[in-house]
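> One structure is given below, represented as structure tokens, and several questions about it will come after.
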Amino acid sequence: MTTHLAVAEQPAVLPQPRDLVASLPVYSKAGGTVPPSWRASSNESFRSPSPAVMAAITGAAAHCQRYPTLQGDPLVAALSDSLGVGAEQLVAGAGSLAVLQQLLTAFAGPGTEVVFAWRSYEAYPILVRLTGARDVQVPLAAGHRHDLPAMVAAITDATAAVILCSPNNPTGTVLGAAELEDILARIPSHVVVVLDQAYVEFTDDADASSRHSLALLAAHPNLVLLRTFSKAYSLAGLRAGYLVAHAELAAHVRAVSPPFGLNAVAEAAAVAALADGQALAANVSTVREGRASLHAALASRGMNVPASGGNFLWLPVGDGAASLEAACLGESVSVRSFAGEGVRVTVGSRDAEAAVLRAVDAWLVGGAA
Ligand SMILES: Cc1ncc(COP(=O)(O)O)c(C=O)c1O
């Protein structure tokens with residue numbers, strides 16, 4: 001039988017967390033009380049891991065009485081081969097969120113600032129404030145794009161890091177090669193520049209983008225690329241991500257990383273997923289096709305949806321966000337709604353995309369408010 005501490009027995013004064021804990025934004029949950037038929041709210045893959053990846057998961061699970069390696073050595077070795085970078089330039093961890101938190105822990109803290117675009121990935125303000133640093137949010141420019149000149153202008157003596165998100169979650173906009181080179185040239189070399197590439201595999205020129213950003217590391221030792229197995233590799237539930245950076249920066253991040261941070265099953269799955277080029281290609285093409293057809297269908301309904309490089313589309317419906325989310329839930333598809341701003345829809349399932357279109361049609365008929 002479970003026994004709970006009776007209220008009267010609780011000590012009068014409970015331990016209190018640091019003040020900043022009360023200031024942390026809360027990572028939002030997708031709405032709705034009934035489980036939807038389709039989850040288009042978390043930019044997960046609609047495709048399950050491939051048979052080769054499932055076999056690796058089962059194989060690793062059979063040995064989970066053992067600790068994994070301290071720092072994900074087998075995954076680091078596989079990434080080093082596949083990306084053509086030194087193992088010392090890589091840090092692997094339990095999802096790119098965990099790796100970003102370790103990076104910020106190493107480089108930001110009280111008295112420092114971290115600059116990022118807003119709206120962007122909602123975890124940024126949480127992770128930045130957790131370090132004690134101040135988050136400096138630079139509003140997006142026209143077209144839902146990063147306002148790069150304003151981001152550069154926001155850099156002060158206190159700036160420890162700038163986070164760029166490309167494709168940007170939730171707007172999908174992509175920073176071009178020239179834009180990246182230009183902003184890197186303008187950011188002082190003592191400031192860490194994080195390029196969050198969680199969705200890079202879905203961009204139209206993914207291989208070129210990936211190679212270009214890796215090549216930038218040589219000239220910009222303050223650049224950190226952040227990548228994940230959660231999206232294009234269909235492994236969100238297992239938690240595996242990594243960063244690529246100058247060896248010295250990577251060593252500082254490793255110094256603050258928890259030992260055994262990457263579990264053995266996630267690691268085996270990630271190594272197998274990296275080797276399964278066919279599964280990646282199938283996932284990416286499913287997403288690109290769904291993204292193009294949903295984008296065209298929404299445009300034909302008069303909706304101004306920015307072109308997206310991710311596995312999602314941004315519907316900037318402003319105050320209509322809540323009612324559009326409700327209409328989607330009415331069609332049994334969960335989406336991510338940001339009050340007063342818009343709705344983000346994950347693509348990759350033809351059924352979910354059709355359900356979203358039915359919801360949009362009903363919403364438009366109902367006055368879109
Ligand atoms: C831009 C961006 N970065 C990072 C993440 C976190 O990914 P992970 O699952 O690797 O922690 C997400 C997840 O949605 C994301 O959208």
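Chain lettering (A, B, ...) mirrors the order of the structure tokens, residue numbering begins at 1 for each chain separately, and ligand numbering begins at 1 in order of display.
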Residues at most 9 Å from Arg291 of chain A, counting only C-alpha atoms, excluding those fewer than 5 positions away in the same chain, as a ChimeraX atom specification?
/A:286,296,308-313,346-348,353
> With only C-alpha atoms and all ligand atoms counted and 9 Å as the cut-off, give the residues of chain A in contact with ligand 1, each with its shortest interatomic distance in Å and the pair that gives it, as a tab-separated table.

```
residue	atom	partner	partner_atom_place_in_ligand_line	distance
A:Ser42	CA	ligand 1	14 (O)	6.3
A:Asn43	CA	ligand 1	14 (O)	6.2
A:Glu44	CA	ligand 1	14 (O)	7.9
A:Gly93	CA	ligand 1	10 (O)	8.8
A:Ala94	CA	ligand 1	11 (O)	7.2
A:Gly95	CA	ligand 1	10 (O)	3.6
A:Ser96	CA	ligand 1	10 (O)	3.6
A:Leu97	CA	ligand 1	11 (O)	3.7
A:Ala98	CA	ligand 1	11 (O)	6.3
A:Val99	CA	ligand 1	11 (O)	7.9
A:Leu100	CA	ligand 1	4 (C)	8.2
A:Ser120	CA	ligand 1	1 (C)	7.4
A:Tyr121	CA	ligand 1	1 (C)	5.2
A:Glu122	CA	ligand 1	16 (O)	8.2
A:Ala123	CA	ligand 1	4 (C)	7.8
A:Tyr124	CA	ligand 1	3 (N)	8.6
A:Cys165	CA	ligand 1	1 (C)	5.9
A:Ser166	CA	ligand 1	1 (C)	7.5
A:Pro167	CA	ligand 1	1 (C)	7.4
A:Asn168	CA	ligand 1	1 (C)	6.3
A:Asn169	CA	ligand 1	1 (C)	5.1
A:Pro170	CA	ligand 1	16 (O)	7.4
A:Asp196	CA	ligand 1	3 (N)	5.8
A:Gln197	CA	ligand 1	1 (C)	6.8
A:Ala198	CA	ligand 1	3 (N)	5.0
A:Tyr199	CA	ligand 1	1 (C)	7.1
A:Leu226	CA	ligand 1	3 (N)	7.8
A:Arg227	CA	ligand 1	10 (O)	6.8
A:Thr228	CA	ligand 1	10 (O)	4.3
A:Phe229	CA	ligand 1	10 (O)	6.2
A:Ser230	CA	ligand 1	9 (O)	4.8
A:Lys231	CA	ligand 1	9 (O)	7.3
A:Leu235	CA	ligand 1	9 (O)	8.2
A:Ala236	CA	ligand 1	9 (O)	5.3
A:Gly237	CA	ligand 1	9 (O)	7.9
A:Leu238	CA	ligand 1	9 (O)	8.7
A:Arg239	CA	ligand 1	9 (O)	5.9
A:Ala240	CA	ligand 1	10 (O)	6.0
A:Gly241	CA	ligand 1	10 (O)	4.9
A:Tyr242	CA	ligand 1	10 (O)	7.9
```
> Give the strand (DSSP E) residues of segment 114-159 of chain A, as DSSP finds them on the backbone, and put them as a compact mmCIF listing (two decimals) with N, CA and C atoms, in the first residue's frame.

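File states34.txt, as written:
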```txt
# COMPACT_ATOMS: atom_id res chain seq x y z
N VAL A 114 22.40 35.78 -23.37
CA VAL A 114 22.35 34.89 -24.54
C VAL A 114 21.28 35.44 -25.48
N VAL A 115 21.69 35.70 -26.71
CA VAL A 115 20.82 36.33 -27.71
C VAL A 115 20.23 35.24 -28.61
N PHE A 116 18.92 35.31 -28.84
CA PHE A 116 18.31 34.42 -29.84
C PHE A 116 17.09 35.10 -30.44
N ALA A 117 16.67 34.58 -31.58
CA ALA A 117 15.48 35.12 -32.26
C ALA A 117 14.23 34.69 -31.51
N TRP A 118 13.17 35.49 -31.66
CA TRP A 118 11.91 35.10 -31.04
C TRP A 118 10.76 35.54 -31.92
N ARG A 134 20.87 36.10 -18.73
CA ARG A 134 19.67 36.82 -19.19
C ARG A 134 19.41 36.43 -20.64
N ASP A 135 18.14 36.13 -20.96
CA ASP A 135 17.82 35.82 -22.36
C ASP A 135 17.44 37.12 -23.07
N VAL A 136 18.05 37.34 -24.22
CA VAL A 136 17.79 38.53 -25.02
C VAL A 136 17.08 38.06 -26.28
N GLN A 137 15.79 38.35 -26.35
CA GLN A 137 14.96 37.83 -27.45
C GLN A 137 14.81 38.90 -28.52
N VAL A 138 15.24 38.59 -29.73
CA VAL A 138 15.19 39.56 -30.83
C VAL A 138 14.03 39.18 -31.74
N PRO A 139 13.00 40.06 -31.86
CA PRO A 139 11.82 39.69 -32.65
C PRO A 139 12.19 39.33 -34.09
N THR A 159 27.49 39.50 -23.69
CA THR A 159 26.96 38.37 -24.47
C THR A 159 27.91 37.18 -24.43
```
> When DSSP is applied to the backbone of this structure, which of segment 57-302 of chain A are assigned helix (DSSP H, G or I)? Write them out as a PyMOL selection string.
chain A and resi 57-61+73-83+87-89+96-107+123-130+142-144+148-153+177-186+200-202+206-219+247-256+264-275+277-300
> Quick one: of A:Ala359, A:Val174, A:Ala142, A:Val193, who's nearest to Asp205 of chain A, counting only C-alpha atoms?
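With only C-alpha atoms as the atom set, the closest residue is A:Val174.
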> Please indicate the distance in Å from atom CA of Gly320 of chain A to atom CA of Glu289 of chain A, rounded to one decimal place.
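For atom CA of Gly320 of chain A relative to atom CA of Glu289 of chain A, the distance reads 26.7 Å.
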> Pro36 of chain A: which residues within 8 Å, counting only C-alpha atoms, same-chain residues fewer than 6 positions away excluded, as a CSV table (one decimal) with C-alpha atoms, in the first residue's frame?

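The new file selection.csv reads:
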```csv
chain,number,residue,atom,x,y,z
A,329,LEU,CA,-8.5,18.6,-32.4
A,332,SER,CA,-8.5,14.3,-34.1
A,333,VAL,CA,-5.1,15.8,-34.9
A,334,SER,CA,-3.1,17.6,-32.3
```
> Within 9 Å of Gln101 of chain A, counting only C-alpha atoms, which residues qualify if same-chain residues fewer than 3 places away don't, as JSON, numbers by chain?
{"A": [96, 97, 98, 104, 105, 106, 127, 128, 130, 131]}
> Choose the residue, out of A:Ala362, A:Ala269, A:Ala40, A:Leu214, that has the smallest atom-to-atom separation from Leu83 of chain A; count only C-alpha atoms.
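The shortest atom-to-atom distance to Leu83 of chain A comes from A:Leu214.
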> List the neighbours of Glu88 of chain A out to 12 Å using only C-alpha atoms; skip same-chain residues closer than 5 positions along the sequence, and give me the result as a CSV table (one decimal) with N, CA and C atoms, in the first residue's frame.

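Now in selection28.csv:
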```
chain,number,residue,atom,x,y,z
A,71,GLN,N,31.1,8.6,-22.3
A,71,GLN,CA,30.7,9.7,-23.2
A,71,GLN,C,30.2,9.4,-24.5
A,73,ASP,N,31.1,6.9,-26.6
A,73,ASP,CA,32.3,6.7,-27.6
A,73,ASP,C,31.9,6.1,-28.9
A,76,VAL,N,30.1,8.6,-31.0
A,76,VAL,CA,31.1,9.7,-31.4
A,76,VAL,C,32.0,9.1,-32.6
A,77,ALA,N,32.4,7.9,-32.5
A,77,ALA,CA,33.3,7.3,-33.5
A,77,ALA,C,32.5,7.2,-34.8
A,79,LEU,N,29.9,9.1,-35.8
A,79,LEU,CA,29.7,10.4,-36.3
A,79,LEU,C,30.9,11.0,-36.9
A,80,SER,N,32.1,10.7,-36.2
A,80,SER,CA,33.3,11.2,-36.7
A,80,SER,C,33.6,10.7,-38.1
A,243,LEU,N,26.7,17.7,-30.6
A,243,LEU,CA,27.2,18.9,-31.1
A,243,LEU,C,28.5,18.7,-31.8
A,244,VAL,N,28.8,19.5,-32.8
A,244,VAL,CA,30.2,19.5,-33.4
A,244,VAL,C,30.7,20.9,-33.2
A,245,ALA,N,32.0,21.0,-32.8
A,245,ALA,CA,32.6,22.3,-32.5
A,245,ALA,C,34.1,22.2,-32.6
A,246,HIS,N,34.8,23.3,-32.4
A,246,HIS,CA,36.2,23.3,-32.2
A,246,HIS,C,36.6,22.4,-31.0
A,247,ALA,N,37.7,21.6,-31.1
A,247,ALA,CA,38.0,20.6,-30.1
A,247,ALA,C,38.0,21.2,-28.7
A,248,GLU,N,38.5,22.5,-28.6
A,248,GLU,CA,38.6,23.1,-27.3
A,248,GLU,C,37.3,23.4,-26.7
A,249,LEU,N,36.4,23.9,-27.5
A,249,LEU,CA,35.0,24.2,-27.0
A,249,LEU,C,34.3,22.8,-26.6
A,250,ALA,N,34.5,21.8,-27.5
A,250,ALA,CA,33.9,20.5,-27.2
A,250,ALA,C,34.4,20.0,-25.8
A,251,ALA,N,35.7,20.2,-25.6
A,251,ALA,CA,36.3,19.7,-24.3
A,251,ALA,C,35.6,20.4,-23.1
A,252,HIS,N,35.3,21.7,-23.2
A,252,HIS,CA,34.7,22.4,-22.1
A,252,HIS,C,33.3,21.9,-21.9
A,253,VAL,N,32.6,21.5,-23.0
A,253,VAL,CA,31.2,21.0,-22.8
A,253,VAL,C,31.3,19.6,-22.2
A,254,ARG,N,32.3,18.8,-22.6
A,254,ARG,CA,32.4,17.5,-22.1
A,254,ARG,C,32.7,17.5,-20.6
```
> Given the choices A:Leu274, A:Gly340, A:Val85, A:Ser285, which gets closest to Ala218 of chain A if the distance is worked out from only C-alpha atoms?
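Selected residue with least distance to Ala218 of chain A: A:Val85.
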> For the atom pair atom CA of Ala321 of chain A and atom CA of Gly342 of chain A, what is the interatomic distance in Å to one decimal place?
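One can read the atom CA of Ala321 of chain A to atom CA of Gly342 of chain A distance as 4.8 Å.
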> For atom CA of Ser45 of chain A and atom CA of Leu195 of chain A, quote the distance in Å rounded to one decimal.
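Separating atom CA of Ser45 of chain A from atom CA of Leu195 of chain A is a distance of 21.7 Å.
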